[in-house]
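Colleague: Attaching a single structure in structure tokens format; questions to follow.
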Amino acid sequence: MISESKFLWRTLWTRHSLILNGSPPIRLANRLRFFSTRLLDEEASFGSYSVILPEEPFVWGVSHISPRLVPSNIRQPLYARTQAEDQNTPDAFSERSHKDDSRIRLGSEEETKLRTSSKLARKVRDFAGTLVRPGVTTNSIDAAIHDFIVTHGAYPSPLLYSGFPRSCCTSINNVVAHGIPDNRPLEDGDIINIDITVYLDGYHGDTSQTFLVGAVDQPGRDLVSMTNAALQAGIRACGPGRPFNSIGQAIHELVRNTPYSVCNAFSGHGIGRVFHQPPWIYHTLNDEPGMMRPGHCFTIEPCIVQGSKPQIWIFPDGWTASTEASNPCGNCARSAQAEHMVLIMETGVEVLTS
């Protein structure tokens with residue numbers, strides 16, 4: 001149930017968006033009627049679920065959220081450090097010098113450390129799945145994940161990355177990505193993506209999965225199944241000598257002519273000593289140049305959205321990305337995401353987080 005003030009806020013936001021896109025106010029009612037008629041049947045197929053909207057009263061930014069503490073003996077990435085002297089450590093030099101190339105030397109200590117970090121990320125992801133059930137808050141899930149990571153001698157990579165205040169991302173129902181864990185209890189029928197990244201011995205490991213909370217309706221289950229299928233299609237497009245844009249092509253071919261769309265607001269990325277770096281992996285049709293070479297390590301992480309409107313908007317917190325409402329009185333479509341890290345080998349590809 002949407003409160004009156006939230007409804008008004010969403011209505012005004014939609015009006016603002018339409019005007020910015022070139023519609024004078026005098027034509028607003030006609031456009032809204034057109035959108036409502038065109039999308040009514042599509043939205044009816046989305047199923048039954050709770051729409052996630054910003055908490056009231058609205059709070060801008062995340063300065064009111066206190067980050068969890070990390071023991072001083074845990075090795076931290078450059079962005080998490082606050083002491084000036086830390087900017088000249090060997091770790092800091094490695095992060096800067098590798099920011100333009102995610103290739104590693106196959107058979108080297110680099111590969112061993114990358115595989116170890118990826119293995120821990122997978123372990124954390126699987127642990128996160130055991131925490132998902134109705135009545136549990138995402139804040140408590142984040143606390144458990146944080147403790148699990150540091151207990152294994154690693155740093156939770158999202159924490160303090162560009163100011164992000166939590167140790168994982170939890171994106172529920174219509175939230176596409178970067179949801180901030182909070183005190184909302186999970187509800188029976190929710191779907192939730194938990195995005196995990198760990199920093200262990202100088203290397204990041206990154207993976208995510210969308211989990212079902214209790215009895216999820218069939219449209220929600222189908223969405224998650226399609227998302228996992230899209231991830232696998234992207235992985236099958238990988239190999240030495242293949243163009244990076246073949247990943248988006250493969251996902252496009254799978255999703256086209258279905259009741260789903262691919263959100264192009266987020267991409268996969270190279271990963272290793274640096275959290276996010278080239279190559280950038282787009283999940284829609286694209287002209288991104290470059291070929292996969294042995295030693296390239298990157299993520300594939302498609303966000304699949306119900307219906308034909310994958311556009312997003314950002315909550316006042318500056319992070320949480322939600323689908324847009326199809327009309328002022330409509331619901332925001334659900335989205336699901338799945339993510340793996342892959343490593344290009346001499347003769348194929350390996351999924352490091354499977």
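Chain labels run A, B, ... following the order of the structure tokens; each chain numbers its residues from 1, and ligands are numbered from 1 in the order shown.
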Using only C-alpha atoms, which residues sit within 12 Å of A:Asn228 once same-chain residues fewer than 2 positions away are excluded, as a PDB file with C-alpha atoms, in the first residue's frame?
Modeller:
ATOM      1  CA  ASN A 193      19.329  -9.612  -5.062  1.00  0.00           C
ATOM      2  CA  SER A 208      25.458 -11.822  -6.865  1.00  0.00           C
ATOM      3  CA  GLN A 209      22.225 -13.775  -6.986  1.00  0.00           C
ATOM      4  CA  THR A 210      18.520 -13.013  -6.734  1.00  0.00           C
ATOM      5  CA  PHE A 211      16.843 -15.103  -4.047  1.00  0.00           C
ATOM      6  CA  ARG A 221       9.937 -16.958 -10.385  1.00  0.00           C
ATOM      7  CA  ASP A 222       9.933 -16.671 -14.159  1.00  0.00           C
ATOM      8  CA  LEU A 223      11.800 -13.356 -13.953  1.00  0.00           C
ATOM      9  CA  VAL A 224      14.559 -14.879 -11.818  1.00  0.00           C
ATOM     10  CA  SER A 225      14.811 -17.879 -14.162  1.00  0.00           C
ATOM     11  CA  MET A 226      15.154 -15.597 -17.187  1.00  0.00           C
ATOM     12  CA  ALA A 230      20.661 -14.391 -19.499  1.00  0.00           C
ATOM     13  CA  LEU A 231      23.792 -14.696 -17.362  1.00  0.00           C
ATOM     14  CA  GLN A 232      24.524 -18.132 -18.797  1.00  0.00           C
ATOM     15  CA  ALA A 233      23.969 -16.867 -22.345  1.00  0.00           C
ATOM     16  CA  GLY A 234      26.518 -14.132 -21.717  1.00  0.00           C
ATOM     17  CA  ILE A 235      29.035 -16.624 -20.339  1.00  0.00           C
ATOM     18  CA  ILE A 251      21.756 -11.674 -24.034  1.00  0.00           C
ATOM     19  CA  LEU A 254      17.730 -14.491 -25.589  1.00  0.00           C
ATOM     20  CA  VAL A 255      15.552 -11.703 -24.191  1.00  0.00           C
ATOM     21  CA  ILE A 300      28.854 -10.425 -16.333  1.00  0.00           C
ATOM     22  CA  GLU A 301      25.831  -9.148 -14.388  1.00  0.00           C
ATOM     23  CA  PRO A 302      22.651  -8.538 -16.397  1.00  0.00           C
ATOM     24  CA  CYS A 303      19.664  -6.817 -14.799  1.00  0.00           C
ATOM     25  CA  ILE A 304      16.450  -8.145 -16.360  1.00  0.00           C
ATOM     26  CA  ALA A 336      16.362  -9.359 -11.005  1.00  0.00           C
ATOM     27  CA  GLN A 337      20.120  -9.619 -11.374  1.00  0.00           C
ATOM     28  CA  ALA A 338      22.697 -12.424 -11.370  1.00  0.00           C
ATOM     29  CA  GLU A 339      26.464 -12.063 -11.572  1.00  0.00           C
ATOM     30  CA  HIS A 340      29.561 -14.182 -12.068  1.00  0.00           C
TER      31      HIS A 340
END
Colleague: If DSSP is run on the backbone, what residues of stretch 138-312 of chain A are helix (DSSP H, G or I)? A reply as a ChimeraX atom specification would be ideal.
Modeller: /A:138-151,161-163,218-236,245-255
Colleague: Would you put the residues from that selection into a file with N, CA and C atoms, as a short mmCIF file (atom, residue, chain, number, x, y, z; two decimals), in the first residue's frame?
Modeller:
data_model
loop_
_atom_site.label_atom_id
_atom_site.label_comp_id
_atom_site.auth_asym_id
_atom_site.auth_seq_id
_atom_site.Cartn_x
_atom_site.Cartn_y
_atom_site.Cartn_z
N THR A 138 17.08 -6.53 5.94
CA THR A 138 18.30 -6.52 5.15
C THR A 138 19.47 -5.96 5.96
N ASN A 139 19.18 -5.15 6.95
CA ASN A 139 20.24 -4.64 7.82
C ASN A 139 20.88 -5.79 8.61
N SER A 140 20.06 -6.72 9.08
CA SER A 140 20.61 -7.86 9.82
C SER A 140 21.35 -8.80 8.87
N ILE A 141 20.88 -8.91 7.63
CA ILE A 141 21.61 -9.71 6.63
C ILE A 141 22.98 -9.09 6.37
N ASP A 142 23.01 -7.78 6.23
CA ASP A 142 24.27 -7.09 6.00
C ASP A 142 25.23 -7.29 7.17
N ALA A 143 24.71 -7.21 8.39
CA ALA A 143 25.57 -7.40 9.57
C ALA A 143 26.17 -8.80 9.59
N ALA A 144 25.36 -9.80 9.27
CA ALA A 144 25.85 -11.18 9.26
C ALA A 144 26.89 -11.38 8.16
N ILE A 145 26.63 -10.80 6.99
CA ILE A 145 27.58 -10.92 5.88
C ILE A 145 28.90 -10.21 6.23
N HIS A 146 28.80 -9.04 6.81
CA HIS A 146 29.99 -8.29 7.23
C HIS A 146 30.84 -9.14 8.17
N ASP A 147 30.22 -9.71 9.19
CA ASP A 147 30.96 -10.51 10.16
C ASP A 147 31.57 -11.75 9.50
N PHE A 148 30.82 -12.36 8.57
CA PHE A 148 31.31 -13.55 7.89
C PHE A 148 32.55 -13.23 7.06
N ILE A 149 32.53 -12.09 6.38
CA ILE A 149 33.66 -11.71 5.53
C ILE A 149 34.90 -11.42 6.36
N VAL A 150 34.76 -10.59 7.40
CA VAL A 150 35.94 -10.22 8.17
C VAL A 150 36.47 -11.42 8.97
N THR A 151 35.58 -12.33 9.34
CA THR A 151 36.03 -13.54 10.02
C THR A 151 36.93 -14.38 9.11
N TYR A 161 33.05 2.30 -0.65
CA TYR A 161 33.37 2.52 -2.06
C TYR A 161 32.53 3.69 -2.56
N SER A 162 33.19 4.78 -2.91
CA SER A 162 32.52 6.02 -3.29
C SER A 162 31.52 6.46 -2.23
N GLY A 163 31.77 6.08 -0.98
CA GLY A 163 30.92 6.49 0.13
C GLY A 163 29.78 5.55 0.44
N GLN A 218 4.36 -16.82 -9.65
CA GLN A 218 4.99 -17.37 -10.85
C GLN A 218 5.68 -16.31 -11.69
N PRO A 219 5.09 -15.11 -11.88
CA PRO A 219 5.83 -14.09 -12.64
C PRO A 219 7.18 -13.74 -12.02
N GLY A 220 7.26 -13.72 -10.69
CA GLY A 220 8.53 -13.44 -10.04
C GLY A 220 9.53 -14.56 -10.25
N ARG A 221 9.06 -15.81 -10.16
CA ARG A 221 9.94 -16.96 -10.39
C ARG A 221 10.44 -16.98 -11.83
N ASP A 222 9.54 -16.68 -12.75
CA ASP A 222 9.93 -16.67 -14.16
C ASP A 222 10.97 -15.59 -14.43
N LEU A 223 10.82 -14.43 -13.78
CA LEU A 223 11.80 -13.36 -13.95
C LEU A 223 13.18 -13.80 -13.49
N VAL A 224 13.27 -14.43 -12.34
CA VAL A 224 14.56 -14.88 -11.82
C VAL A 224 15.16 -15.94 -12.74
N SER A 225 14.33 -16.85 -13.24
CA SER A 225 14.81 -17.88 -14.16
C SER A 225 15.37 -17.26 -15.43
N MET A 226 14.67 -16.27 -15.99
CA MET A 226 15.15 -15.60 -17.19
C MET A 226 16.47 -14.88 -16.92
N THR A 227 16.61 -14.29 -15.75
CA THR A 227 17.84 -13.59 -15.40
C THR A 227 19.03 -14.54 -15.34
N ASN A 228 18.85 -15.69 -14.72
CA ASN A 228 19.92 -16.67 -14.67
C ASN A 228 20.25 -17.20 -16.06
N ALA A 229 19.22 -17.36 -16.91
CA ALA A 229 19.46 -17.81 -18.28
C ALA A 229 20.23 -16.75 -19.06
N ALA A 230 19.94 -15.47 -18.82
CA ALA A 230 20.66 -14.39 -19.50
C ALA A 230 22.13 -14.39 -19.10
N LEU A 231 22.40 -14.61 -17.82
CA LEU A 231 23.79 -14.70 -17.36
C LEU A 231 24.52 -15.84 -18.07
N GLN A 232 23.88 -16.98 -18.15
CA GLN A 232 24.52 -18.13 -18.80
C GLN A 232 24.73 -17.88 -20.29
N ALA A 233 23.80 -17.20 -20.93
CA ALA A 233 23.97 -16.87 -22.34
C ALA A 233 25.18 -15.97 -22.54
N GLY A 234 25.36 -15.00 -21.64
CA GLY A 234 26.52 -14.13 -21.72
C GLY A 234 27.82 -14.89 -21.53
N ILE A 235 27.83 -15.84 -20.60
CA ILE A 235 29.04 -16.62 -20.34
C ILE A 235 29.39 -17.48 -21.55
N ARG A 236 28.37 -18.07 -22.19
CA ARG A 236 28.63 -18.92 -23.37
C ARG A 236 29.22 -18.14 -24.53
N ASN A 245 31.61 -7.28 -27.20
CA ASN A 245 30.21 -6.96 -27.45
C ASN A 245 29.37 -8.18 -27.84
N SER A 246 29.99 -9.34 -28.01
CA SER A 246 29.22 -10.56 -28.28
C SER A 246 28.41 -10.97 -27.05
N ILE A 247 28.82 -10.53 -25.86
CA ILE A 247 28.07 -10.84 -24.64
C ILE A 247 26.71 -10.16 -24.68
N GLY A 248 26.69 -8.87 -24.99
CA GLY A 248 25.42 -8.16 -25.11
C GLY A 248 24.56 -8.72 -26.23
N GLN A 249 25.21 -9.12 -27.33
CA GLN A 249 24.46 -9.70 -28.45
C GLN A 249 23.76 -10.98 -28.02
N ALA A 250 24.46 -11.83 -27.28
CA ALA A 250 23.88 -13.11 -26.84
C ALA A 250 22.71 -12.90 -25.90
N ILE A 251 22.85 -11.95 -24.97
CA ILE A 251 21.76 -11.67 -24.03
C ILE A 251 20.57 -11.06 -24.77
N HIS A 252 20.85 -10.18 -25.72
CA HIS A 252 19.78 -9.58 -26.53
C HIS A 252 18.99 -10.65 -27.27
N GLU A 253 19.68 -11.59 -27.88
CA GLU A 253 18.99 -12.64 -28.64
C GLU A 253 18.11 -13.49 -27.75
N LEU A 254 18.54 -13.70 -26.52
CA LEU A 254 17.73 -14.49 -25.59
C LEU A 254 16.48 -13.74 -25.14
N VAL A 255 16.63 -12.46 -24.83
CA VAL A 255 15.55 -11.70 -24.19
C VAL A 255 14.57 -11.11 -25.20
#
Colleague: Once DSSP has gone over the backbone, tell me which residues of stretch 101-306 of chain A are in strand (DSSP E), as a ChimeraX atom specification.
Modeller: /A:155-156,169-172,175-177,191-200,203-212,260-262,268-270,277-281,297-300,303-306
Colleague: Name the closest residue to A:Phe46 among the candidates A:Cys332, A:Ile194, A:Leu343, A:Val70; distances are taken between atoms, counting only C-alpha atoms.
Modeller: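 So, comparing all the options, the nearest one is A:Cys332.
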Colleague: Just the number, please: distance in Å from atom CA of A:Ile65 to atom CA of A:Leu186, one decimal.
Modeller: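 That distance, rounded to one decimal, is 19.9 Å.
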Colleague: Just to confirm, what's the straight-line distance from atom CA of A:Ser48 to atom CA of A:Ala215 in Å (one decimal)?
Modeller: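 Distance reported for this atom pair: 11.1 Å.
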Colleague: In terms of the shortest atom-to-atom distance over only C-alpha atoms, which of A:Val175, A:Phe275, A:Asp287, A:Thr130 is closest to A:Val198?
Modeller: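 Ranked by minimum distance to A:Val198, first place goes to A:Phe275.
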Colleague: Taking only C-alpha atoms into account, which of A:Leu200, A:Leu78, A:Ile344, A:Val136 comes nearest A:Gly214?
Modeller: A:Val136
Colleague: Just the residues within 12 Å of A:Asp188, please, counting only C-alpha atoms, with nothing from its chain fewer than 5 positions along; format it as a ChimeraX atom specification.
Modeller: /A:48-50,132-136,172-173,211-217
